[in-house]
>>> print(open('start.pdb').read())   # PDB, C-alpha atoms (C1' of nucleotides)
ATOM      1  CA  MET E   1     115.146 153.757 110.401
ATOM      2  CA  PRO E   2     111.940 152.953 112.108
ATOM      3  CA  GLU E   3     110.605 153.876 115.478
ATOM      4  CA  LEU E   4     107.103 152.907 116.495
ATOM      5  CA  PRO E   5     105.324 155.549 114.375
ATOM      6  CA  GLU E   6     107.171 154.392 111.280
ATOM      7  CA  VAL E   7     106.318 150.777 111.977
ATOM      8  CA  GLU E   8     102.663 151.660 112.526
ATOM      9  CA  THR E   9     102.674 153.750 109.342
ATOM     10  CA  THR E  10     104.128 150.764 107.531
ATOM     11  CA  ARG E  11     101.477 148.481 108.991
ATOM     12  CA  ARG E  12      98.689 150.758 107.857
ATOM     13  CA  GLY E  13     100.325 151.137 104.468
ATOM     14  CA  ILE E  14     100.620 147.444 103.706
ATOM     15  CA  GLU E  15      97.449 146.177 105.363
ATOM     16  CA  PRO E  16      94.950 147.123 102.640
ATOM     17  CA  HIS E  17      97.175 145.480 100.009
ATOM     18  CA  ILE E  18      97.609 142.124 101.720
ATOM     19  CA  LEU E  19      94.750 141.533 104.176
ATOM     20  CA  ASP E  20      92.527 138.589 103.167
ATOM     21  CA  LYS E  21      94.849 137.846 100.235
ATOM     22  CA  THR E  22      96.545 134.503  99.666
ATOM     23  CA  ILE E  23     100.313 134.156  99.678
ATOM     24  CA  THR E  24     101.376 132.568  96.393
ATOM     25  CA  ASP E  25     105.134 132.451  96.885
ATOM     26  CA  VAL E  26     107.955 133.323  99.253
ATOM     27  CA  VAL E  27     111.331 134.532  98.005
ATOM     28  CA  VAL E  28     114.377 134.562 100.265
ATOM     29  CA  ARG E  29     117.457 136.171  98.702
ATOM     30  CA  GLU E  30     119.473 136.690 101.873
ATOM     31  CA  ARG E  31     118.786 134.392 104.762
ATOM     32  CA  LYS E  32     121.342 135.932 107.080
ATOM     33  CA  LEU E  33     119.634 138.806 108.856
ATOM     34  CA  ARG E  34     119.875 139.373 112.612
ATOM     35  CA  TRP E  35     118.770 135.794 112.950
ATOM     36  CA  PRO E  36     118.542 133.407 109.996
ATOM     37  CA  ILE E  37     115.233 133.423 108.155
ATOM     38  CA  PRO E  38     113.746 129.995 109.026
ATOM     39  CA  ALA E  39     114.341 127.403 106.314
ATOM     40  CA  LYS E  40     110.777 126.123 106.297
ATOM     41  CA  LEU E  41     109.153 129.537 106.133
ATOM     42  CA  ALA E  42     108.052 129.143 102.511
ATOM     43  CA  GLU E  43     106.158 125.937 103.092
ATOM     44  CA  ARG E  44     104.510 127.394 106.183
ATOM     45  CA  LEU E  45     103.263 130.420 104.289
ATOM     46  CA  LYS E  46     102.472 129.291 100.743
ATOM     47  CA  LYS E  47      98.771 129.126  99.910
ATOM     48  CA  GLN E  48      97.931 130.651 103.289
ATOM     49  CA  LYS E  49      95.426 133.461 103.568
ATOM     50  CA  ILE E  50      96.510 136.541 105.524
ATOM     51  CA  LEU E  51      94.061 136.879 108.409
ATOM     52  CA  SER E  52      95.420 139.997 110.066
ATOM     53  CA  VAL E  53      98.258 142.512 109.952
ATOM     54  CA  GLU E  54      99.168 143.612 113.462
ATOM     55  CA  ARG E  55     101.903 145.363 115.373
ATOM     56  CA  ARG E  56     103.402 144.747 118.797
ATOM     57  CA  GLY E  57     106.012 147.312 119.725
ATOM     58  CA  LYS E  58     108.176 147.524 116.644
ATOM     59  CA  TYR E  59     107.360 144.006 115.520
ATOM     60  CA  LEU E  60     104.993 143.551 112.587
ATOM     61  CA  LEU E  61     102.831 140.449 112.819
ATOM     62  CA  ILE E  62     101.315 138.880 109.727
ATOM     63  CA  CYS E  63      98.948 136.182 110.890
ATOM     64  CA  VAL E  64      97.854 133.124 108.916
ATOM     65  CA  LYS E  65      95.860 130.127 110.087
ATOM     66  CA  ASP E  66      98.710 128.076 111.555
ATOM     67  CA  GLY E  67     101.043 130.754 112.803
ATOM     68  CA  THR E  68     102.470 134.235 112.487
ATOM     69  CA  LEU E  69     105.170 135.797 110.380
ATOM     70  CA  ILE E  70     107.148 138.188 112.585
ATOM     71  CA  ILE E  71     109.014 141.024 110.888
ATOM     72  CA  HIS E  72     111.299 143.542 112.554
ATOM     73  CA  LEU E  73     112.752 146.371 110.470
ATOM     74  CA  GLY E  74     115.841 146.901 112.600
ATOM     75  CA  MET E  75     117.509 150.225 111.948
ATOM     76  CA  SER E  76     117.372 150.361 108.185
ATOM     77  CA  GLY E  77     114.523 148.129 107.090
ATOM     78  CA  SER E  78     111.544 149.106 104.979
ATOM     79  CA  LEU E  79     108.617 147.273 103.441
ATOM     80  CA  ARG E  80     106.941 148.143 100.188
ATOM     81  CA  ILE E  81     104.206 146.860  97.963
ATOM     82  CA  LEU E  82     105.491 146.410  94.409
ATOM     83  CA  PRO E  83     104.553 144.565  91.236
ATOM     84  CA  ALA E  84     105.854 141.028  91.727
ATOM     85  CA  ASN E  85     108.095 141.251  88.685
ATOM     86  CA  THR E  86     109.985 144.336  89.928
ATOM     87  CA  PRO E  87     113.732 143.570  89.740
ATOM     88  CA  ALA E  88     115.245 143.178  93.207
ATOM     89  CA  GLY E  89     117.914 145.589  94.381
ATOM     90  CA  ALA E  90     121.063 144.789  96.329
ATOM     91  CA  HIS E  91     119.408 144.818  99.762
ATOM     92  CA  ASP E  92     116.034 143.338  98.896
ATOM     93  CA  HIS E  93     116.262 140.238 101.066
ATOM     94  CA  PHE E  94     112.748 138.898 101.244
ATOM     95  CA  ASP E  95     109.476 138.912  99.275
ATOM     96  CA  LEU E  96     106.029 137.756 100.181
ATOM     97  CA  VAL E  97     104.422 137.234  96.797
ATOM     98  CA  ILE E  98     100.698 137.788  96.629
ATOM     99  CA  GLY E  99      99.541 137.172  93.075
ATOM    100  CA  LYS E 100     100.773 140.005  90.887
ATOM    101  CA  GLN E 101     101.998 142.020  93.855
ATOM    102  CA  CYS E 102     104.681 141.454  96.399
ATOM    103  CA  LEU E 103     105.558 142.714  99.840
ATOM    104  CA  ARG E 104     109.297 143.371  99.690
ATOM    105  CA  LEU E 105     111.701 143.786 102.592
ATOM    106  CA  ARG E 106     114.735 145.973 101.994
ATOM    107  CA  ASP E 107     117.296 146.225 104.799
ATOM    108  CA  PRO E 108     120.816 147.449 103.986
ATOM    109  CA  ARG E 109     122.186 146.967 107.500
ATOM    110  CA  LYS E 110     120.586 143.558 108.014
ATOM    111  CA  PHE E 111     119.646 144.335 111.605
ATOM    112  CA  GLY E 112     116.084 143.358 110.854
ATOM    113  CA  ALA E 113     114.475 139.969 111.316
ATOM    114  CA  VAL E 114     111.994 137.657 109.600
ATOM    115  CA  LEU E 115     110.793 134.937 111.944
ATOM    116  CA  TRP E 116     108.000 132.434 112.396
ATOM    117  CA  GLN E 117     105.877 131.561 115.394
ATOM    118  CA  ALA E 118     103.740 128.458 115.029
ATOM    119  CA  GLY E 119     100.338 128.347 116.650
ATOM    120  CA  PRO E 120      96.825 129.371 115.798
ATOM    121  CA  LYS E 121      95.778 132.964 115.978
ATOM    122  CA  SER E 122      93.465 133.352 118.893
ATOM    123  CA  GLY E 123      91.158 136.281 119.396
ATOM    124  CA  SER E 124      91.385 139.735 117.896
ATOM    125  CA  GLN E 125      94.737 140.506 119.508
ATOM    126  CA  SER E 126      97.934 138.813 118.465
ATOM    127  CA  GLY E 127      97.055 135.786 120.547
ATOM    128  CA  TYR E 128      99.429 132.881 120.354
ATOM    129  CA  VAL E 129     102.282 134.830 118.825
ATOM    130  CA  GLU E 130     102.768 136.570 122.168
ATOM    131  CA  THR E 131     104.375 133.366 123.393
ATOM    132  CA  HIS E 132     107.336 133.985 121.102
ATOM    133  CA  LYS E 133     110.482 134.559 123.117
ATOM    134  CA  LEU E 134     110.994 138.026 121.658
ATOM    135  CA  LEU E 135     107.431 139.100 122.390
ATOM    136  CA  ALA E 136     106.696 137.336 125.665
ATOM    137  CA  ASN E 137     108.231 139.887 128.027
ATOM    138  CA  LEU E 138     107.532 143.170 126.304
ATOM    139  CA  GLY E 139     106.203 146.146 128.234
ATOM    140  CA  PRO E 140     102.846 147.780 127.478
ATOM    141  CA  GLU E 141     102.013 149.656 124.307
ATOM    142  CA  PRO E 142     102.688 153.356 124.960
ATOM    143  CA  LEU E 143      99.361 154.411 123.460
ATOM    144  CA  SER E 144      97.328 151.944 125.509
ATOM    145  CA  ASP E 145      95.571 152.757 128.779
ATOM    146  CA  SER E 146      97.756 150.316 130.686
ATOM    147  CA  PHE E 147     100.703 152.648 130.112
ATOM    148  CA  ASP E 148      99.964 155.287 132.736
ATOM    149  CA  THR E 149     101.632 157.329 135.471
ATOM    150  CA  ASP E 150     101.195 154.757 138.239
ATOM    151  CA  TYR E 151     102.638 151.989 136.116
ATOM    152  CA  LEU E 152     105.739 153.893 135.054
ATOM    153  CA  PHE E 153     106.366 155.576 138.400
ATOM    154  CA  ASN E 154     106.043 152.364 140.425
ATOM    155  CA  LEU E 155     108.311 150.461 138.068
ATOM    156  CA  SER E 156     110.944 153.192 138.225
ATOM    157  CA  ARG E 157     111.513 153.131 141.982
ATOM    158  CA  LYS E 158     115.031 152.029 142.965
ATOM    159  CA  ARG E 159     116.108 151.989 139.330
ATOM    160  CA  GLN E 160     119.579 153.429 138.902
ATOM    161  CA  VAL E 161     119.582 153.783 135.118
ATOM    162  CA  SER E 162     119.108 157.113 133.419
ATOM    163  CA  ILE E 163     115.513 157.938 132.693
ATOM    164  CA  LYS E 164     116.313 157.957 128.997
ATOM    165  CA  ASN E 165     117.574 154.390 129.065
ATOM    166  CA  PHE E 166     114.632 153.455 131.274
ATOM    167  CA  ILE E 167     111.979 154.569 128.791
ATOM    168  CA  MET E 168     113.939 153.064 125.887
ATOM    169  CA  ASN E 169     113.896 149.644 127.555
ATOM    170  CA  SER E 170     111.299 147.555 125.712
ATOM    171  CA  HIS E 171     110.546 145.590 128.866
ATOM    172  CA  VAL E 172     109.400 148.859 130.441
ATOM    173  CA  VAL E 173     107.450 150.243 127.498
ATOM    174  CA  VAL E 174     107.713 149.306 123.826
ATOM    175  CA  GLY E 175     108.331 151.590 120.921
ATOM    176  CA  VAL E 176     110.202 154.526 122.433
ATOM    177  CA  GLY E 177     113.363 154.815 120.378
ATOM    178  CA  ASN E 178     116.275 157.197 120.487
ATOM    179  CA  ILE E 179     114.605 160.141 118.769
ATOM    180  CA  TYR E 180     111.299 160.081 120.590
ATOM    181  CA  ALA E 181     113.013 159.470 123.932
ATOM    182  CA  SER E 182     114.853 162.784 123.565
ATOM    183  CA  GLU E 183     111.732 164.527 122.290
ATOM    184  CA  SER E 184     109.397 163.336 125.024
ATOM    185  CA  LEU E 185     111.910 164.145 127.785
ATOM    186  CA  PHE E 186     112.236 167.657 126.383
ATOM    187  CA  ARG E 187     108.484 168.126 126.298
ATOM    188  CA  SER E 188     108.176 167.027 129.905
ATOM    189  CA  GLY E 189     111.145 169.087 131.116
ATOM    190  CA  ILE E 190     113.209 166.150 132.397
ATOM    191  CA  ARG E 191     116.956 165.903 131.890
ATOM    192  CA  PRO E 192     117.716 162.605 130.120
ATOM    193  CA  THR E 193     120.616 161.796 132.455
ATOM    194  CA  SER E 194     118.497 161.885 135.636
ATOM    195  CA  LYS E 195     118.193 158.556 137.402
ATOM    196  CA  ALA E 196     114.838 156.913 136.753
ATOM    197  CA  GLY E 197     114.355 156.169 140.449
ATOM    198  CA  LYS E 198     114.781 159.807 141.470
ATOM    199  CA  VAL E 199     112.227 161.428 139.175
ATOM    200  CA  SER E 200     109.039 162.592 140.917
ATOM    201  CA  LYS E 201     105.586 161.227 140.243
ATOM    202  CA  ALA E 202     104.408 164.593 138.920
ATOM    203  CA  ARG E 203     107.158 164.510 136.320
ATOM    204  CA  TYR E 204     106.303 160.959 135.362
ATOM    205  CA  ALA E 205     102.748 162.112 134.742
ATOM    206  CA  ARG E 206     104.027 164.711 132.293
ATOM    207  CA  LEU E 207     106.393 162.214 130.732
ATOM    208  CA  VAL E 208     103.643 159.677 130.095
ATOM    209  CA  ASP E 209     101.548 162.399 128.459
ATOM    210  CA  SER E 210     104.492 163.558 126.355
ATOM    211  CA  ILE E 211     105.317 160.063 125.128
ATOM    212  CA  LYS E 212     101.723 159.466 124.087
ATOM    213  CA  GLN E 213     101.510 162.867 122.424
ATOM    214  CA  VAL E 214     104.772 162.653 120.511
ATOM    215  CA  LEU E 215     104.042 159.165 119.210
ATOM    216  CA  ALA E 216     100.431 159.944 118.319
ATOM    217  CA  GLU E 217     101.461 163.086 116.420
ATOM    218  CA  ALA E 218     104.111 161.191 114.503
ATOM    219  CA  ILE E 219     101.682 158.449 113.524
ATOM    220  CA  GLU E 220      99.172 161.043 112.390
ATOM    221  CA  GLN E 221     101.749 162.767 110.222
ATOM    222  CA  GLY E 222     103.025 159.483 108.867
ATOM    223  CA  GLY E 223      99.532 158.903 107.599
ATOM    224  CA  THR E 224      99.813 161.854 105.264
ATOM    225  CA  THR E 225     102.341 160.001 103.116
ATOM    226  CA  LEU E 226     100.423 156.732 102.985
ATOM    227  CA  GLN E 227      99.141 157.321  99.486
ATOM    228  CA  ASP E 228     102.721 156.985  98.226
ATOM    229  CA  PHE E 229     103.310 153.790 100.066
ATOM    230  CA  SER E 230     103.272 151.459  97.104
ATOM    231  CA  ASN E 231     105.436 153.655  94.913
ATOM    232  CA  GLU E 232     109.046 152.750  94.362
ATOM    233  CA  GLU E 233     110.171 155.864  96.215
ATOM    234  CA  GLY E 234     107.381 155.905  98.752
ATOM    235  CA  LYS E 235     108.479 155.867 102.331
ATOM    236  CA  PRO E 236     106.865 156.556 105.670
ATOM    237  CA  GLY E 237     106.935 160.201 106.699
ATOM    238  CA  TYR E 238     109.728 159.969 109.159
ATOM    239  CA  PHE E 239     110.884 163.530 108.859
ATOM    240  CA  ALA E 240     107.391 164.920 108.862
ATOM    241  CA  GLN E 241     107.634 165.135 112.624
ATOM    242  CA  GLU E 242     108.883 168.464 113.878
ATOM    243  CA  LEU E 243     111.762 167.563 116.120
ATOM    244  CA  LYS E 244     112.328 170.046 118.925
ATOM    245  CA  VAL E 245     115.710 168.851 120.194
ATOM    246  CA  TYR E 246     116.894 165.783 118.297
ATOM    247  CA  GLY E 247     119.805 166.639 116.015
ATOM    248  CA  ARG E 248     119.727 170.321 117.041
ATOM    249  CA  GLU E 249     123.022 170.547 118.960
ATOM    250  CA  GLY E 250     124.121 174.165 119.372
ATOM    251  CA  GLN E 251     120.876 175.563 117.968
ATOM    252  CA  ALA E 252     118.543 177.738 120.012
ATOM    253  CA  CYS E 253     115.875 176.067 122.133
ATOM    254  CA  TYR E 254     112.441 176.932 120.748
ATOM    255  CA  ILE E 255     111.234 177.746 124.276
ATOM    256  CA  CYS E 256     114.088 179.642 125.951
ATOM    257  CA  ASP E 257     116.755 180.265 123.286
ATOM    258  CA  ALA E 258     119.498 178.413 125.183
ATOM    259  CA  PRO E 259     121.708 176.272 122.918
ATOM    260  CA  ILE E 260     120.609 172.639 122.739
ATOM    261  CA  GLN E 261     123.229 170.280 124.132
ATOM    262  CA  LYS E 262     124.258 166.819 123.018
ATOM    263  CA  THR E 263     125.496 164.096 125.314
ATOM    264  CA  VAL E 264     125.984 160.357 125.002
ATOM    265  CA  ILE E 265     123.885 158.034 127.163
ATOM    266  CA  GLY E 266     124.329 154.312 126.740
ATOM    267  CA  GLN E 267     126.262 154.846 123.499
ATOM    268  CA  ARG E 268     123.380 156.771 121.972
ATOM    269  CA  SER E 269     123.252 160.470 121.160
ATOM    270  CA  SER E 270     120.926 162.385 123.406
ATOM    271  CA  TYR E 271     119.789 165.976 123.044
ATOM    272  CA  TYR E 272     118.323 168.307 125.650
ATOM    273  CA  CYS E 273     117.905 171.926 126.630
ATOM    274  CA  PRO E 274     120.075 172.729 129.674
ATOM    275  CA  LYS E 275     117.627 175.408 130.869
ATOM    276  CA  CYS E 276     114.265 173.737 130.229
ATOM    277  CA  GLN E 277     115.512 170.354 131.476
ATOM    278  CA  LYS E 278     117.461 171.147 134.636
ATOM    279  CA  THR E 279     117.002 167.806 136.416
TER     280      THR E 279
ATOM    281  C1'  DA T   1     117.242 141.559 138.952
ATOM    282  C1'  DT T   2     119.831 145.223 137.050
ATOM    283  C1'  DC T   3     123.267 147.590 134.491
ATOM    284  C1'  DG T   4     126.535 148.814 130.979
ATOM    285  C1'  DC T   5     128.956 147.374 127.174
ATOM    286  C1'  DC T   6     129.296 144.837 122.781
ATOM    287  C1'  DT T   7     127.659 143.305 118.614
ATOM    288  C1'  DC T   8     125.584 142.546 113.979
ATOM    289  C1'  DC T   9     125.948 145.425 108.894
ATOM    290  C1'  DT T  10     126.123 149.046 105.221
ATOM    291  C1'  DG T  11     125.635 153.892 103.751
ATOM    292  C1'  DC T  12     126.412 158.563 104.213
ATOM    293  C1'  DG T  13     128.328 162.976 105.231
ATOM    294  C1'  DC T  14     132.142 165.351 106.677
ATOM    295  C1'  DG T  15     136.928 166.965 106.846
ATOM    296  C1'  DC T  16     141.236 166.721 104.759
TER     297       DC T  16
ATOM    298  C1'  DT Y   1     137.147 163.860  93.398
ATOM    299  C1'  DG Y   2     138.824 160.591  96.482
ATOM    300  C1'  DC Y   3     139.561 158.579 100.875
ATOM    301  C1'  DG Y   4     139.238 157.497 105.713
ATOM    302  C1'  DC Y   5     136.671 158.159 109.603
ATOM    303  C1'  DG Y   6     132.802 158.481 112.687
ATOM    304  C1'  DC Y   7     128.225 158.099 113.118
ATOM    305  C1'  DA Y   8     123.391 156.317 112.275
ATOM    306  C1'  DG Y   9     116.547 155.824 114.023
ATOM    307  C1'  DG Y  10     117.507 148.684 117.364
ATOM    308  C1'  DA Y  11     117.889 145.742 120.827
ATOM    309  C1'  DG Y  12     119.256 140.991 122.268
ATOM    310  C1'  DG Y  13     123.057 138.830 124.749
ATOM    311  C1'  DC Y  14     126.586 138.684 127.912
ATOM    312  C1'  DG Y  15     129.443 139.223 131.951
ATOM    313  C1'  DA Y  16     129.821 141.635 136.227
TER     314       DA Y  16
END
>>> encode(input="start.pdb", output="structure tokens")
Amino acid sequence: MPELPEVETTRRGIEPHILDKTITDVVVRERKLRWPIPAKLAERLKKQKILSVERRGKYLLICVKDGTLIIHLGMSGSLRILPANTPAGAHDHFDLVIGKQCLRLRDPRKFGAVLWQAGPKSGSQSGYVETHKLLANLGPEPLSDSFDTDYLFNLSRKRQVSIKNFIMNSHVVVGVGNIYASESLFRSGIRPTSKAGKVSKARYARLVDSIKQVLAEAIEQGGTTLQDFSNEEGKPGYFAQELKVYGREGQACYICDAPIQKTVIGQRSSYYCPKCQKT
DNA sequence: ATCGCCTCCTGCGCGC
DNA sequence: TGCGCGCAGGAGGCGA
């Protein structure tokens, strides 16, 4: 389910419920996710106070004194705040119990992950957790100043991959998933199949702007559903975003009326307007 | 280094 | 209604 805006919406939704609270119990119902949930996780976390709730790319980072709980939602994961005695459903794999409440991970496809990185939290950023193998080589945050035209353009030279695959590569920039890749390429008028190394600097400037805009808008709209976050049915506002091309095959382009086309790039569906995105 | 393909798993919608 | 099929928002790992 989640792309970066959904993960950020989740982070903002859970933070006020768990920040500065003490973990009273850890429940693991299904250890076998993308990687096994570490056996000693419960003893690492019990009685620990939650010092911060952060995000790096699509990873959620829950920091305690001696380390960080790393959660990835995969394609179908969601987190909710519930009364601790709420009966668990079929795909409720993991709970962080905090007194009378719990933070519950549901993930039907089990592509998500719950991991642990030992080491003290250092500074206001994620600090030590960045040494984790999965986090060590990630690209910049798309909404940060370090993600700019020069960075993306320079990195793209001589790259043969399609520009869509390029911006979806988390070593290039984190958090641009399949939907927002199509959307940002549409907004910047770039055909998703173009080779990354052949796209001009002027177009990269528009692309960087589009990525920032699309993600920022989605986060803003996700915020509108935050009040429902702790309800049983509450979920981040994924569909609140107005998608201009994604899933619109055959329908008229909002700009020029040409039918939106679908193609497959790297085994993922990609949507574009053949007139607005010529190269 | 870079690239493309494969994989994990379940649910859902569609066509017959 | 029921069934089989294809597809789904991620992304690390592998072999070439």
>>> resolve_selection(input="start.pdb", expression="the PyMOL selection byres ((chain E) within 7 of (chain T))", output="MDAnalysis selection string")
chainID E and resid 34 108:111
>>> write_last_selection(input="start.pdb", atoms="C-alpha atoms", output="CSV table (one decimal), in the coordinates of the input")
chain,number,residue,atom,x,y,z
E,34,ARG,CA,119.9,139.4,112.6
E,108,PRO,CA,120.8,147.4,104.0
E,109,ARG,CA,122.2,147.0,107.5
E,110,LYS,CA,120.6,143.6,108.0
E,111,PHE,CA,119.6,144.3,111.6
>>> atom_distance(input="start.pdb", atom1="atom CA of Pro274 of chain E", atom2="atom CA of Leu207 of chain E")
17.3 Å
>>> resolve_selection(input="start.pdb", expression="the PyMOL selection byres ((chain Y) within 10 of (chain E))", output="list in words")
DC7, DA8, DG9, DG10, DA11 and DG12 of chain Y
>>> resolve_selection(input="start.pdb", expression="the PyMOL selection byres ((chain E and resi 120) around 6)", output="list in words")
Lys65, Asp66, Gly67, Gly119 and Lys121 of chain E
>>> residues_around(input="start.pdb", residues="Ala39 of chain E", least_positions_apart="4", cutoff="12 Å", atoms="only C-alpha atoms (C1' of nucleotides)", output="number ranges by chain")
E: 26-28, 30-32, 35, 43-45, 114-116
>>> residues_around(input="start.pdb", residues="Thr24 of chain E", least_positions_apart="2", cutoff="6 Å", atoms="all atoms listed in the file", output="list in words")
Lys46, Lys47, Val97, Ile98 and Gly99 of chain E
>>> atom_distance(input="start.pdb", atom1="atom CA of Lys133 of chain E", atom2="atom CA of Val176 of chain E")
20.0 Å
>>> atom_distance(input="start.pdb", atom1="atom CA of Leu41 of chain E", atom2="atom CA of Thr9 of chain E")
25.3 Å
>>> build_atoms(input="start.pdb", residues="segment 59-80 of chain E", atoms="N, CA and C atoms", output="PDB file, keeping the file's coordinate frame")
ATOM      1  N   TYR E  59     107.502 145.236 116.295  1.00  0.00           N
ATOM      2  CA  TYR E  59     107.360 144.006 115.520  1.00  0.00           C
ATOM      3  C   TYR E  59     106.071 144.045 114.707  1.00  0.00           C
ATOM      4  N   LEU E  60     106.174 143.714 113.433  1.00  0.00           N
ATOM      5  CA  LEU E  60     104.993 143.551 112.587  1.00  0.00           C
ATOM      6  C   LEU E  60     104.614 142.083 112.595  1.00  0.00           C
ATOM      7  N   LEU E  61     103.317 141.820 112.696  1.00  0.00           N
ATOM      8  CA  LEU E  61     102.831 140.449 112.819  1.00  0.00           C
ATOM      9  C   LEU E  61     101.846 140.181 111.694  1.00  0.00           C
ATOM     10  N   ILE E  62     102.202 139.254 110.823  1.00  0.00           N
ATOM     11  CA  ILE E  62     101.315 138.880 109.727  1.00  0.00           C
ATOM     12  C   ILE E  62     100.794 137.481 110.027  1.00  0.00           C
ATOM     13  N   CYS E  63      99.508 137.424 110.376  1.00  0.00           N
ATOM     14  CA  CYS E  63      98.948 136.182 110.890  1.00  0.00           C
ATOM     15  C   CYS E  63      98.274 135.368 109.799  1.00  0.00           C
ATOM     16  N   VAL E  64      98.568 134.074 109.761  1.00  0.00           N
ATOM     17  CA  VAL E  64      97.854 133.124 108.916  1.00  0.00           C
ATOM     18  C   VAL E  64      97.270 132.055 109.839  1.00  0.00           C
ATOM     19  N   LYS E  65      96.615 131.068 109.262  1.00  0.00           N
ATOM     20  CA  LYS E  65      95.860 130.127 110.087  1.00  0.00           C
ATOM     21  C   LYS E  65      96.728 129.392 111.115  1.00  0.00           C
ATOM     22  N   ASP E  66      97.918 128.944 110.687  1.00  0.00           N
ATOM     23  CA  ASP E  66      98.710 128.076 111.555  1.00  0.00           C
ATOM     24  C   ASP E  66      99.852 128.772 112.292  1.00  0.00           C
ATOM     25  N   GLY E  67      99.951 130.066 112.129  1.00  0.00           N
ATOM     26  CA  GLY E  67     101.043 130.754 112.803  1.00  0.00           C
ATOM     27  C   GLY E  67     101.168 132.200 112.367  1.00  0.00           C
ATOM     28  N   THR E  68     102.278 132.808 112.753  1.00  0.00           N
ATOM     29  CA  THR E  68     102.470 134.235 112.487  1.00  0.00           C
ATOM     30  C   THR E  68     103.867 134.508 111.956  1.00  0.00           C
ATOM     31  N   LEU E  69     103.907 135.291 110.899  1.00  0.00           N
ATOM     32  CA  LEU E  69     105.170 135.797 110.380  1.00  0.00           C
ATOM     33  C   LEU E  69     105.511 137.056 111.169  1.00  0.00           C
ATOM     34  N   ILE E  70     106.712 137.057 111.767  1.00  0.00           N
ATOM     35  CA  ILE E  70     107.148 138.188 112.585  1.00  0.00           C
ATOM     36  C   ILE E  70     108.228 138.937 111.817  1.00  0.00           C
ATOM     37  N   ILE E  71     108.022 140.221 111.611  1.00  0.00           N
ATOM     38  CA  ILE E  71     109.014 141.024 110.888  1.00  0.00           C
ATOM     39  C   ILE E  71     109.449 142.200 111.747  1.00  0.00           C
ATOM     40  N   HIS E  72     110.747 142.354 111.893  1.00  0.00           N
ATOM     41  CA  HIS E  72     111.299 143.542 112.554  1.00  0.00           C
ATOM     42  C   HIS E  72     112.172 144.274 111.543  1.00  0.00           C
ATOM     43  N   LEU E  73     112.050 145.598 111.502  1.00  0.00           N
ATOM     44  CA  LEU E  73     112.752 146.371 110.470  1.00  0.00           C
ATOM     45  C   LEU E  73     114.142 146.824 110.900  1.00  0.00           C
ATOM     46  N   GLY E  74     114.510 146.523 112.153  1.00  0.00           N
ATOM     47  CA  GLY E  74     115.841 146.901 112.600  1.00  0.00           C
ATOM     48  C   GLY E  74     116.058 148.396 112.491  1.00  0.00           C
ATOM     49  N   MET E  75     117.224 148.802 112.064  1.00  0.00           N
ATOM     50  CA  MET E  75     117.509 150.225 111.948  1.00  0.00           C
ATOM     51  C   MET E  75     117.342 150.742 110.539  1.00  0.00           C
ATOM     52  N   SER E  76     117.360 149.874 109.570  1.00  0.00           N
ATOM     53  CA  SER E  76     117.372 150.361 108.185  1.00  0.00           C
ATOM     54  C   SER E  76     116.368 149.651 107.288  1.00  0.00           C
ATOM     55  N   GLY E  77     115.456 148.907 107.898  1.00  0.00           N
ATOM     56  CA  GLY E  77     114.523 148.129 107.090  1.00  0.00           C
ATOM     57  C   GLY E  77     113.327 148.930 106.603  1.00  0.00           C
ATOM     58  N   SER E  78     112.798 148.520 105.456  1.00  0.00           N
ATOM     59  CA  SER E  78     111.544 149.106 104.979  1.00  0.00           C
ATOM     60  C   SER E  78     110.789 148.050 104.192  1.00  0.00           C
ATOM     61  N   LEU E  79     109.470 148.196 104.185  1.00  0.00           N
ATOM     62  CA  LEU E  79     108.617 147.273 103.441  1.00  0.00           C
ATOM     63  C   LEU E  79     107.860 148.064 102.394  1.00  0.00           C
ATOM     64  N   ARG E  80     107.720 147.481 101.223  1.00  0.00           N
ATOM     65  CA  ARG E  80     106.941 148.143 100.188  1.00  0.00           C
ATOM     66  C   ARG E  80     106.118 147.152  99.396  1.00  0.00           C
TER      67      ARG E  80
END
